[in-house]
Each structure stands twice: as C-alpha cells, then as structure tokens.
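K.L.:
One file is attached below, protein.cif, containing mmCIF, C-alpha atoms.
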```cif
data_target
#
loop_
_atom_site.label_atom_id
_atom_site.label_comp_id
_atom_site.auth_asym_id
_atom_site.auth_seq_id
_atom_site.Cartn_x
_atom_site.Cartn_y
_atom_site.Cartn_z
CA MET A 825 -36.54 -57.52 -41.81
CA GLU A 826 -37.31 -55.40 -38.75
CA LEU A 827 -37.36 -51.65 -38.29
CA ARG A 828 -34.77 -51.82 -35.51
CA GLN A 829 -32.37 -53.60 -37.88
CA LEU A 830 -32.66 -50.71 -40.31
CA GLU A 831 -32.07 -48.24 -37.45
CA TYR A 832 -28.92 -50.15 -36.45
CA PHE A 833 -27.79 -50.25 -40.09
CA LEU A 834 -28.18 -46.45 -40.34
CA ALA A 835 -26.31 -45.93 -37.08
CA VAL A 836 -23.32 -47.98 -38.25
CA ALA A 837 -23.37 -46.36 -41.71
CA GLU A 838 -23.37 -42.85 -40.23
CA GLU A 839 -20.95 -43.49 -37.36
CA ARG A 840 -18.64 -45.77 -39.44
CA ASN A 841 -17.90 -47.65 -36.26
CA PHE A 842 -19.79 -50.44 -34.49
CA THR A 843 -18.86 -49.24 -31.00
CA ARG A 844 -20.10 -45.70 -31.55
CA ALA A 845 -23.21 -47.01 -33.28
CA ALA A 846 -23.95 -49.23 -30.27
CA GLU A 847 -23.63 -46.25 -27.92
CA ARG A 848 -25.98 -44.26 -30.13
CA VAL A 849 -28.74 -46.87 -30.12
CA HIS A 850 -28.12 -47.84 -26.48
CA ILE A 851 -27.41 -51.57 -26.88
CA SER A 852 -24.22 -53.63 -26.78
CA GLN A 853 -21.82 -53.78 -29.71
CA SER A 854 -22.39 -57.51 -30.00
CA GLY A 855 -26.13 -56.88 -30.22
CA VAL A 856 -25.68 -54.43 -33.07
CA SER A 857 -23.31 -56.79 -34.89
CA ALA A 858 -25.72 -59.70 -34.50
CA GLN A 859 -28.65 -57.72 -35.88
CA ILE A 860 -26.62 -56.44 -38.84
CA ARG A 861 -25.48 -60.02 -39.62
CA GLN A 862 -29.08 -61.18 -39.54
CA LEU A 863 -30.15 -58.35 -41.86
CA GLU A 864 -27.33 -59.26 -44.26
CA ARG A 865 -28.43 -62.90 -44.31
CA GLU A 866 -32.00 -61.86 -45.11
CA LEU A 867 -30.83 -59.58 -47.92
CA GLY A 868 -28.26 -62.06 -49.22
CA ALA A 869 -25.42 -59.51 -49.34
CA GLU A 870 -22.90 -57.90 -47.04
CA LEU A 871 -23.69 -54.30 -46.26
CA PHE A 872 -20.36 -53.29 -44.68
CA ASP A 873 -16.70 -53.78 -45.45
CA ARG A 874 -15.19 -54.72 -42.08
CA SER A 875 -11.62 -55.24 -43.30
CA THR A 876 -10.34 -51.87 -42.03
CA ARG A 877 -10.63 -49.98 -38.74
CA THR A 878 -13.21 -47.64 -40.29
CA VAL A 879 -16.34 -49.49 -41.35
CA THR A 880 -17.43 -48.57 -44.88
CA LEU A 881 -20.47 -49.41 -46.97
CA THR A 882 -20.26 -52.02 -49.69
CA VAL A 883 -21.95 -51.46 -53.04
CA ALA A 884 -25.00 -53.29 -51.67
CA GLY A 885 -24.89 -51.14 -48.51
CA LYS A 886 -24.82 -47.94 -50.54
CA ALA A 887 -27.80 -49.16 -52.56
CA ALA A 888 -29.74 -49.88 -49.36
CA LEU A 889 -28.85 -46.69 -47.48
CA GLU A 890 -31.39 -44.21 -48.86
CA HIS A 891 -34.22 -46.76 -48.80
CA ALA A 892 -33.44 -47.52 -45.16
CA ARG A 893 -33.56 -43.83 -44.32
CA GLN A 894 -36.92 -43.45 -46.03
CA ALA A 895 -38.33 -46.50 -44.24
CA VAL A 896 -37.21 -45.28 -40.79
CA ALA A 897 -38.49 -41.76 -41.49
CA ALA A 898 -41.85 -43.13 -42.62
CA ALA A 899 -42.17 -45.22 -39.47
CA ARG A 900 -41.42 -42.19 -37.30
CA ALA A 901 -43.95 -40.11 -39.22
CA VAL A 902 -46.61 -42.76 -38.53
CA GLY A 903 -45.83 -42.60 -34.82
CA GLN A 904 -45.93 -38.81 -34.80
CA ALA A 905 -49.25 -38.69 -36.64
CA VAL A 906 -50.84 -41.17 -34.24
CA GLY A 907 -49.36 -39.31 -31.28
CA GLU A 908 -50.81 -36.00 -32.45
CA VAL A 909 -54.27 -37.52 -32.89
CA SER A 910 -54.03 -39.18 -29.46
CA ASP A 911 -52.95 -35.89 -27.90
CA LEU A 912 -56.13 -34.28 -29.23
CA ILE A 913 -58.33 -37.16 -28.09
CA ARG A 914 -57.11 -37.38 -24.52
CA GLY A 915 -54.76 -35.47 -22.28
CA SER A 916 -54.81 -32.31 -20.20
CA LEU A 917 -53.90 -28.64 -20.48
CA THR A 918 -53.40 -26.18 -17.64
CA VAL A 919 -54.08 -22.56 -18.51
CA GLY A 920 -53.24 -19.51 -16.42
CA MET A 921 -54.94 -16.12 -16.53
CA VAL A 922 -54.34 -12.81 -14.85
CA ALA A 923 -56.18 -12.48 -11.55
CA GLY A 924 -59.60 -10.88 -11.85
CA CYS A 925 -59.82 -11.58 -15.57
CA THR A 926 -63.32 -11.17 -17.00
CA LEU A 927 -62.44 -11.19 -20.70
CA THR A 928 -65.19 -13.15 -22.41
CA PRO A 929 -63.04 -14.01 -25.50
CA LEU A 930 -60.83 -16.12 -23.22
CA PHE A 931 -63.82 -18.07 -21.98
CA ASP A 932 -65.30 -18.30 -25.48
CA GLY A 933 -62.04 -19.76 -26.80
CA LEU A 934 -61.83 -22.31 -23.98
CA ALA A 935 -65.43 -23.35 -24.61
CA ALA A 936 -64.85 -23.74 -28.36
CA PHE A 937 -61.78 -25.90 -27.72
CA HIS A 938 -63.72 -28.04 -25.24
CA ARG A 939 -66.50 -28.63 -27.77
CA ALA A 940 -63.97 -29.64 -30.45
CA HIS A 941 -61.80 -31.79 -28.15
CA PRO A 942 -63.94 -33.00 -25.22
CA GLY A 943 -61.38 -35.65 -24.25
CA VAL A 944 -58.76 -33.06 -23.33
CA GLU A 945 -59.14 -31.98 -19.71
CA LEU A 946 -58.79 -28.23 -19.09
CA ALA A 947 -57.67 -26.61 -15.84
CA LEU A 948 -57.78 -22.85 -15.30
CA LEU A 949 -55.74 -21.03 -12.65
CA GLU A 950 -55.27 -17.33 -11.89
CA ASP A 951 -52.28 -15.42 -10.53
CA ASP A 952 -50.32 -12.26 -11.22
CA SER A 953 -48.55 -12.01 -14.57
CA ASP A 954 -44.99 -12.46 -13.26
CA HIS A 955 -45.87 -15.71 -11.51
CA LEU A 956 -47.82 -16.95 -14.55
CA ALA A 957 -44.86 -16.36 -16.87
CA ASP A 958 -42.54 -18.21 -14.48
CA ALA A 959 -44.99 -21.12 -14.31
CA VAL A 960 -45.06 -21.37 -18.11
CA ARG A 961 -41.25 -21.43 -18.19
CA THR A 962 -41.10 -24.29 -15.67
CA GLY A 963 -43.87 -26.27 -17.35
CA ALA A 964 -46.33 -25.91 -14.45
CA LEU A 965 -48.62 -24.15 -16.93
CA ASP A 966 -49.04 -24.95 -20.62
CA LEU A 967 -50.32 -21.50 -21.56
CA ALA A 968 -51.06 -18.21 -19.83
CA LEU A 969 -52.86 -14.98 -20.56
CA ILE A 970 -50.70 -12.27 -19.00
CA GLY A 971 -50.20 -8.54 -18.88
CA CYS A 972 -46.79 -7.19 -19.90
CA ALA A 973 -44.99 -3.86 -19.89
CA GLY A 974 -43.87 -2.92 -23.40
CA THR A 975 -42.62 -6.34 -24.52
CA ALA A 976 -43.46 -9.98 -23.87
CA PRO A 977 -41.27 -12.00 -21.44
CA ASP A 978 -38.02 -13.41 -22.79
CA GLY A 979 -37.77 -17.09 -23.65
CA LEU A 980 -41.47 -17.62 -24.38
CA ASP A 981 -43.56 -17.68 -27.52
CA ALA A 982 -46.00 -14.79 -27.31
CA HIS A 983 -49.08 -13.71 -29.24
CA THR A 984 -50.04 -10.13 -28.40
CA LEU A 985 -53.81 -9.69 -28.19
CA ILE A 986 -54.04 -6.09 -26.98
CA ARG A 987 -51.49 -3.26 -27.01
CA GLU A 988 -52.66 0.00 -25.46
CA PRO A 989 -51.64 2.85 -23.13
CA LEU A 990 -52.51 3.24 -19.47
CA VAL A 991 -54.97 5.95 -18.46
CA ALA A 992 -56.26 7.55 -15.30
CA ALA A 993 -59.94 7.00 -14.56
CA VAL A 994 -61.93 9.40 -12.39
CA PRO A 995 -65.59 10.22 -11.73
CA PRO A 996 -67.12 13.26 -13.48
CA GLY A 997 -66.32 16.50 -11.69
CA HIS A 998 -62.94 15.30 -10.45
CA PRO A 999 -60.09 17.84 -10.87
CA LEU A 1000 -58.41 15.46 -13.36
CA ALA A 1001 -61.56 14.93 -15.43
CA ARG A 1002 -60.15 16.47 -18.62
CA PRO A 1003 -58.73 15.08 -21.90
CA ALA A 1004 -55.13 14.70 -20.68
CA VAL A 1005 -52.91 15.23 -17.65
CA THR A 1006 -49.21 14.91 -16.95
CA LEU A 1007 -47.73 12.19 -14.78
CA ALA A 1008 -46.83 14.79 -12.14
CA GLU A 1009 -50.44 15.98 -12.05
CA LEU A 1010 -51.63 12.39 -11.69
CA LEU A 1011 -49.23 11.65 -8.85
CA ALA A 1012 -50.51 14.61 -6.86
CA HIS A 1013 -53.47 12.35 -6.06
CA PRO A 1014 -53.65 9.00 -4.27
CA LEU A 1015 -53.81 6.14 -6.76
CA ILE A 1016 -55.81 2.92 -6.94
CA CYS A 1017 -54.02 0.28 -8.96
CA LEU A 1018 -53.42 -3.40 -9.59
CA PRO A 1019 -50.84 -5.09 -7.33
CA PRO A 1020 -47.13 -5.60 -8.13
CA GLY A 1021 -46.47 -8.41 -10.61
CA THR A 1022 -49.22 -7.28 -12.98
CA GLY A 1023 -48.61 -5.68 -16.35
CA VAL A 1024 -50.42 -2.44 -15.52
CA ARG A 1025 -48.53 -1.98 -12.27
CA THR A 1026 -45.20 -2.72 -13.95
CA VAL A 1027 -45.86 -0.05 -16.61
CA LEU A 1028 -46.80 2.50 -13.93
CA ASP A 1029 -43.79 1.75 -11.72
CA ARG A 1030 -41.32 1.78 -14.64
CA ASP A 1031 -42.52 5.04 -16.14
CA CYS A 1032 -42.62 6.71 -12.73
CA ALA A 1033 -39.09 5.54 -11.96
CA ALA A 1034 -37.88 6.80 -15.35
CA ALA A 1035 -39.34 10.22 -14.55
CA GLY A 1036 -37.83 10.22 -11.06
CA LEU A 1037 -41.27 10.19 -9.44
CA ALA A 1038 -42.81 7.97 -6.78
CA PRO A 1039 -46.50 7.02 -7.00
CA ARG A 1040 -48.59 7.00 -3.84
CA ILE A 1041 -50.66 3.83 -4.02
CA ALA A 1042 -53.56 4.33 -1.62
CA LEU A 1043 -55.45 1.16 -2.50
CA GLN A 1044 -54.83 -1.86 -4.68
CA ALA A 1045 -57.03 -4.70 -5.90
CA SER A 1046 -56.62 -7.58 -8.31
CA ALA A 1047 -59.86 -6.95 -10.23
CA ALA A 1048 -60.41 -3.96 -12.51
CA SER A 1049 -64.04 -3.77 -11.40
CA ALA A 1050 -62.98 -3.34 -7.76
CA ILE A 1051 -60.52 -0.58 -8.73
CA ALA A 1052 -63.26 1.18 -10.71
CA ASP A 1053 -65.76 0.95 -7.85
CA LEU A 1054 -63.26 2.41 -5.40
CA ALA A 1055 -62.39 5.26 -7.76
CA ALA A 1056 -66.07 5.99 -8.42
CA ARG A 1057 -66.50 6.47 -4.67
CA GLY A 1058 -63.77 9.10 -4.57
CA LEU A 1059 -61.15 7.05 -2.75
CA GLY A 1060 -58.44 7.77 -5.30
CA VAL A 1061 -57.61 7.89 -9.01
CA ALA A 1062 -57.76 4.57 -10.82
CA VAL A 1063 -54.90 3.59 -13.12
CA LEU A 1064 -56.03 1.07 -15.72
CA SER A 1065 -55.44 0.14 -19.32
CA ARG A 1066 -57.59 2.15 -21.74
CA SER A 1067 -59.96 -0.73 -22.57
CA MET A 1068 -60.37 -1.54 -18.88
CA ALA A 1069 -61.30 2.07 -18.07
CA GLU A 1070 -63.70 2.37 -21.00
CA ALA A 1071 -65.68 -0.60 -19.64
CA PHE A 1072 -66.86 1.47 -16.67
CA PRO A 1073 -69.27 4.26 -17.71
CA ALA A 1074 -69.22 5.81 -14.23
CA LEU A 1075 -65.62 6.89 -14.82
CA VAL A 1076 -63.97 9.32 -17.23
CA PRO A 1077 -60.80 7.94 -18.93
CA VAL A 1078 -58.00 10.51 -18.90
CA ALA A 1079 -54.85 10.23 -21.01
CA VAL A 1080 -51.55 10.56 -19.13
CA THR A 1081 -48.99 12.12 -21.43
CA ASP A 1082 -45.94 10.73 -19.61
CA LEU A 1083 -47.14 7.12 -19.41
CA THR A 1084 -45.54 6.09 -22.69
CA THR A 1085 -44.84 2.37 -22.15
CA PRO A 1086 -47.72 0.39 -23.67
CA GLY A 1087 -49.47 -2.29 -21.70
CA LEU A 1088 -49.76 -5.62 -23.47
CA LEU A 1089 -52.14 -8.50 -23.03
CA ALA A 1090 -50.54 -11.62 -24.48
CA LEU A 1091 -50.84 -15.39 -24.66
CA VAL A 1092 -47.51 -16.99 -23.75
CA SER A 1093 -46.30 -20.57 -24.03
CA ARG A 1094 -43.03 -22.42 -24.32
CA PRO A 1095 -41.55 -22.82 -27.82
CA GLY A 1096 -42.69 -25.86 -29.81
CA PRO A 1097 -46.17 -26.43 -28.35
CA ALA A 1098 -47.78 -29.88 -28.52
CA PRO A 1099 -50.73 -30.43 -30.92
CA ALA A 1100 -53.42 -29.96 -28.27
CA LEU A 1101 -51.88 -26.67 -27.18
CA ARG A 1102 -51.57 -25.50 -30.79
CA ALA A 1103 -55.27 -26.22 -31.25
CA LEU A 1104 -56.13 -24.28 -28.09
CA LEU A 1105 -54.01 -21.32 -29.21
CA THR A 1106 -55.85 -21.32 -32.53
CA GLU A 1107 -59.23 -21.19 -30.80
CA LEU A 1108 -58.15 -18.41 -28.44
CA ARG A 1109 -56.69 -16.28 -31.22
CA ARG A 1110 -59.89 -16.73 -33.20
CA ALA A 1111 -61.98 -15.72 -30.18
CA PHE A 1112 -59.97 -12.56 -29.54
CA SER A 1113 -59.84 -11.55 -33.20
CA GLY A 1114 -63.59 -12.07 -33.63
#
```
Turn this file's structure into structure tokens for me.
P.N.:
Amino acid sequence: MELRQLEYFLAVAEERNFTRAAERVHISQSGVSAQIRQLERELGAELFDRSTRTVTLTVAGKAALEHARQAVAAARAVGQAVGEVSDLIRGSLTVGMVAGCTLTPLFDGLAAFHRAHPGVELALLEDDSDHLADAVRTGALDLALIGCAGTAPDGLDAHTLIREPLVAAVPPGHPLARPAVTLAELLAHPLICLPPGTGVRTVLDRDCAAAGLAPRIALQASAASAIADLAARGLGVAVLSRSMAEAFPALVPVAVTDLTTPGLLALVSRPGPAPALRALLTELRRAFSG
C-alpha cells in the first residue's frame, strides 16, 4: 500500500467521480483507476460501487475512509515538520530598514537570530518606508522595519514597536525653545526633515495639509543625526519623532500641538510567515521589548 494510492482513494471518495478525481491529482483517469484497483486487490475488498454514474463508497470503503485521511494527514505533517526544521537550518532572509537607522535593538535582534540559526543567511537593505513596504508586498523583502503615519500599511502583518508624536527640535535660545508651539508658529521657520516616503515626513505633510498649511522644507536628510546637527547649527528647525529628538542633548524637544497624527515604527511582513521569519520576528520583538 502506497501513500499516493490513499491520496487517489480520498480524491475519488470526495469527488464521487473518477474523472474529477484524476483532474484533482493531476494524472490520467486510467492511472487513478489502475491504482485504486491495485489498492483493492491488496486490501481484498472493493472500495467503490461503480454500478451507477456517481461513484459511491462500499461498506469496506466507508470503513477505510477515515483511516486513509489520518494516514495522509500524518504524512503531510511529517513533511511540514521536516520542512520547518530545514528552513531554520538553511535558507536566507532579506530584511529592510529605514534609511539612516541606528536603532541598536534591531541589530541586537539580528545578532541573536544569527547565533541561534547560523545556517540562515541574512541580508540587510535600507530605503525609505514607502519603498520598503512595497518590497515586502512583492516578496523582494521578507521583513522590514518602517515608519508609518498613524496606521500600518494595508495588506501586511504589522507589529508596532514605537508609537509617538512628532516634535520640533531646536537649540537652546531659539525663539521656539519653549514647552509647546502651534503648527503655524513652527511653519514660520524653515524646517529640516526626513525626505518624502518616510513616516515622519508623511505625518508632517498630512497634518499640514489638513490644517491648510504648507511647510517650507529648507533641508532634508535621511539620518536623524544629520538633521539634528543641521538644526544645532541654526540652519532650521528639526522635525523628528520624540524619541529621535531626545537622543540629541544639544537640542530642546518642543511639542507641536497641531501635529496630532502619531508616528509609528513597525515591523511588517506578509501574512503567514515561514518558520525562519517567525523566529526572526520573535527575536526582534524580544530585543525591542527588552
């Protein structure tokens, strides 16, 4: 008795027709019939009543049906288990991150995964958040760390790591160096910001558009450290997420009352990740929560 014979038996039993069963298992009808006849000879009983146009199970066939299902399911489970182990022994994962990212938890999580699964090759690429999300959707990336405006992108599984408001960041003594300012007060000054396609820039552009205001972007850079350095030198007001701004002691974070859309930092992947990707997600979530 062979596994494929049981698969053909199940196909005929469920389709109640040899032709449809053959189409389902992708072999000829004569091939299915021959294999079923061989299985019946081995079992010493007919499994199907072929006397009518609709094929029905005999008493022996009904007795065999559930056992056949269990046997096929068990065989598939064996294959899945071996496949999952193999996926964690060898393979590759391509991870994207927002340009200029210096978040040590990301690197800590990648390192922990590499120690646990040294046979899985890791590749790390950087780009703006919009392009990273598109690359995850198309399968060019397995996982990406992206910035989002308010909500994660549609059609992707997302794990939000950080949710926080945007702030202005200025050197001490600047006219805006006070606890809070309005968006109109902020936009009276030239701004230094991340480029379009990033989460921070999307939040700024959306909230400005909602207020009927147009920001004047004097300078833009892909790294928060570059934006902070430019702002510290008086070339404009930096617009960053709160945690980004707080990382630079030379600047004073200033709340902007009209910037209400939160900025998110999230890990995104396609639904139903493979075992290696699930393991990587676990390590990254642990790194960010620790």
K.L.:
With all atoms listed in the file as the basis for distance, which of A:Ala976, A:Leu1083, A:Ala992, A:Leu956 is at the shortest distance from A:Asp1029?
P.N.:
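Smallest separation from A:Asp1029 among the options: A:Leu1083.
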K.L.:
Could you name the residues that touch stretch 858-868 of chain A at 8 Å or less, counting all atoms listed in the file, but leaving out those on the same chain fewer than 4 positions away, as a list in words?
P.N.:
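My reading of the contact set: Met825, Gln829, Tyr832, Phe833 and Ser854 of chain A.
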K.L.:
Check which residues satisfy the PyMOL selection byres ((chain A and resi 1063-1078) around 8) in the file shown, then give them as a PyMOL selection string.
P.N.:
chain A and resi 988-996+1000-1005+1015-1018+1024+1048-1049+1052+1055-1056+1061-1062+1079-1080+1087
K.L.:
Could you give me, as a list in words, the residues within 6 Å of stretch 934-949 of chain A, counting all atoms listed in the file and dropping anything in the same chain fewer than 2 positions from it?
P.N.:
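Residues meeting the cut-off are Ile913, Arg914, Gly915, Ser916, Leu917, Thr918, Val919, Gly920, Phe931, Asp932 and Leu1104 of chain A.
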K.L.:
Show which residues sit within 12 Å of A:Arg877, as a VMD selection string. Count all atoms listed in the file, and ignore same-chain residues fewer than 6 positions away.
P.N.:
chain A and resid 840 to 843
K.L.:
Evaluate the PyMOL selection byres ((chain A and resi 950) around 12) on the structure here and hand back the selected residues as a list in words.
P.N.:
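Taken on the displayed file, the PyMOL selection byres ((chain A and resi 950) around 12) yields the residues Thr918, Val919, Gly920, Met921, Val922, Ala923, Gly924, Cys925, Thr926, Ala947, Leu948, Leu949, Asp951, Asp952, Ser953, Asp954, His955, Leu956, Ala957, Ala959, Leu965, Leu967, Ala968, Leu969, Ile970, Thr1022, Ser1046 and Ala1047 of chain A.
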K.L.:
Rounded to one decimal, what separation in Å do you get between atom CA of A:Arg1094 and atom CA of A:Gly979?
P.N.:
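Going from atom CA of A:Arg1094 over to atom CA of A:Gly979, I get 7.5 Å.
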K.L.:
Quick one: distance from atom CA of A:Val1027 to atom CA of A:Leu1089 in Å, one decimal?
P.N.:
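Between these atoms lies a distance of 12.3 Å.
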K.L.:
Between atom CA of A:Asp981 and atom CA of A:Leu1108, measure the distance and give it in Å to one decimal.
P.N.:
14.6 Å
K.L.:
My list of candidates is A:Leu889, A:Cys972, A:Val896, A:Leu1011. Which is closest to A:Val836 when distances are computed with only C-alpha atoms?
P.N.:
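The answer is A:Leu889, which sits nearest to A:Val836.
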K.L.:
Can you pull out every residue within 8 Å of stretch 1111-1114 of chain A, counting all atoms listed in the file, but drop anything in the same chain fewer than 6 positions away, and send it as a list in words?
P.N.:
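With the cut-off at 8 Å, the set is Pro929, Leu930, Asp932, Gly933 and Leu985 of chain A.
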K.L.:
Using N, CA, C and O atoms, give me stretch 988-1000 of chain A from the structure I just pasted, as a PDB file, in the first residue's frame.
P.N.:
```
ATOM      1  N   GLU A 988       4.486  57.350  18.797  1.00  0.00           N
ATOM      2  CA  GLU A 988       4.790  58.584  19.490  1.00  0.00           C
ATOM      3  C   GLU A 988       4.539  59.790  18.587  1.00  0.00           C
ATOM      4  O   GLU A 988       4.484  59.642  17.357  1.00  0.00           O
ATOM      5  N   PRO A 989       4.398  60.984  19.178  1.00  0.00           N
ATOM      6  CA  PRO A 989       4.153  62.184  18.369  1.00  0.00           C
ATOM      7  C   PRO A 989       5.441  62.726  17.762  1.00  0.00           C
ATOM      8  O   PRO A 989       6.546  62.390  18.183  1.00  0.00           O
ATOM      9  N   LEU A 990       5.278  63.600  16.771  1.00  0.00           N
ATOM     10  CA  LEU A 990       6.393  64.351  16.235  1.00  0.00           C
ATOM     11  C   LEU A 990       6.609  65.602  17.089  1.00  0.00           C
ATOM     12  O   LEU A 990       5.668  66.138  17.686  1.00  0.00           O
ATOM     13  N   VAL A 991       7.857  66.065  17.138  1.00  0.00           N
ATOM     14  CA  VAL A 991       8.178  67.288  17.868  1.00  0.00           C
ATOM     15  C   VAL A 991       9.096  68.147  17.011  1.00  0.00           C
ATOM     16  O   VAL A 991       9.720  67.671  16.060  1.00  0.00           O
ATOM     17  N   ALA A 992       9.179  69.409  17.351  1.00  0.00           N
ATOM     18  CA  ALA A 992      10.216  70.271  16.813  1.00  0.00           C
ATOM     19  C   ALA A 992      11.439  70.133  17.725  1.00  0.00           C
ATOM     20  O   ALA A 992      11.312  69.832  18.913  1.00  0.00           O
ATOM     21  N   ALA A 993      12.613  70.352  17.155  1.00  0.00           N
ATOM     22  CA  ALA A 993      13.836  70.278  17.955  1.00  0.00           C
ATOM     23  C   ALA A 993      14.717  71.465  17.578  1.00  0.00           C
ATOM     24  O   ALA A 993      15.059  71.647  16.404  1.00  0.00           O
ATOM     25  N   VAL A 994      15.064  72.266  18.589  1.00  0.00           N
ATOM     26  CA  VAL A 994      15.817  73.498  18.347  1.00  0.00           C
ATOM     27  C   VAL A 994      16.929  73.632  19.382  1.00  0.00           C
ATOM     28  O   VAL A 994      16.857  73.050  20.469  1.00  0.00           O
ATOM     29  N   PRO A 995      17.962  74.412  19.078  1.00  0.00           N
ATOM     30  CA  PRO A 995      18.997  74.655  20.091  1.00  0.00           C
ATOM     31  C   PRO A 995      18.491  75.586  21.178  1.00  0.00           C
ATOM     32  O   PRO A 995      17.537  76.359  20.970  1.00  0.00           O
ATOM     33  N   PRO A 996      19.088  75.553  22.370  1.00  0.00           N
ATOM     34  CA  PRO A 996      18.677  76.476  23.437  1.00  0.00           C
ATOM     35  C   PRO A 996      18.806  77.931  22.964  1.00  0.00           C
ATOM     36  O   PRO A 996      19.717  78.286  22.222  1.00  0.00           O
ATOM     37  N   GLY A 997      17.847  78.755  23.390  1.00  0.00           N
ATOM     38  CA  GLY A 997      17.869  80.150  22.993  1.00  0.00           C
ATOM     39  C   GLY A 997      17.104  80.447  21.723  1.00  0.00           C
ATOM     40  O   GLY A 997      16.887  81.610  21.381  1.00  0.00           O
ATOM     41  N   HIS A 998      16.672  79.413  21.025  1.00  0.00           N
ATOM     42  CA  HIS A 998      15.874  79.611  19.808  1.00  0.00           C
ATOM     43  C   HIS A 998      14.494  80.166  20.203  1.00  0.00           C
ATOM     44  O   HIS A 998      13.969  79.847  21.273  1.00  0.00           O
ATOM     45  N   PRO A 999      13.879  80.979  19.331  1.00  0.00           N
ATOM     46  CA  PRO A 999      12.542  81.524  19.668  1.00  0.00           C
ATOM     47  C   PRO A 999      11.485  80.457  19.962  1.00  0.00           C
ATOM     48  O   PRO A 999      10.518  80.733  20.687  1.00  0.00           O
ATOM     49  N   LEU A1000      11.659  79.248  19.434  1.00  0.00           N
ATOM     50  CA  LEU A1000      10.688  78.173  19.689  1.00  0.00           C
ATOM     51  C   LEU A1000      11.070  77.287  20.874  1.00  0.00           C
ATOM     52  O   LEU A1000      10.368  76.307  21.147  1.00  0.00           O
TER      53      LEU A1000
END
```
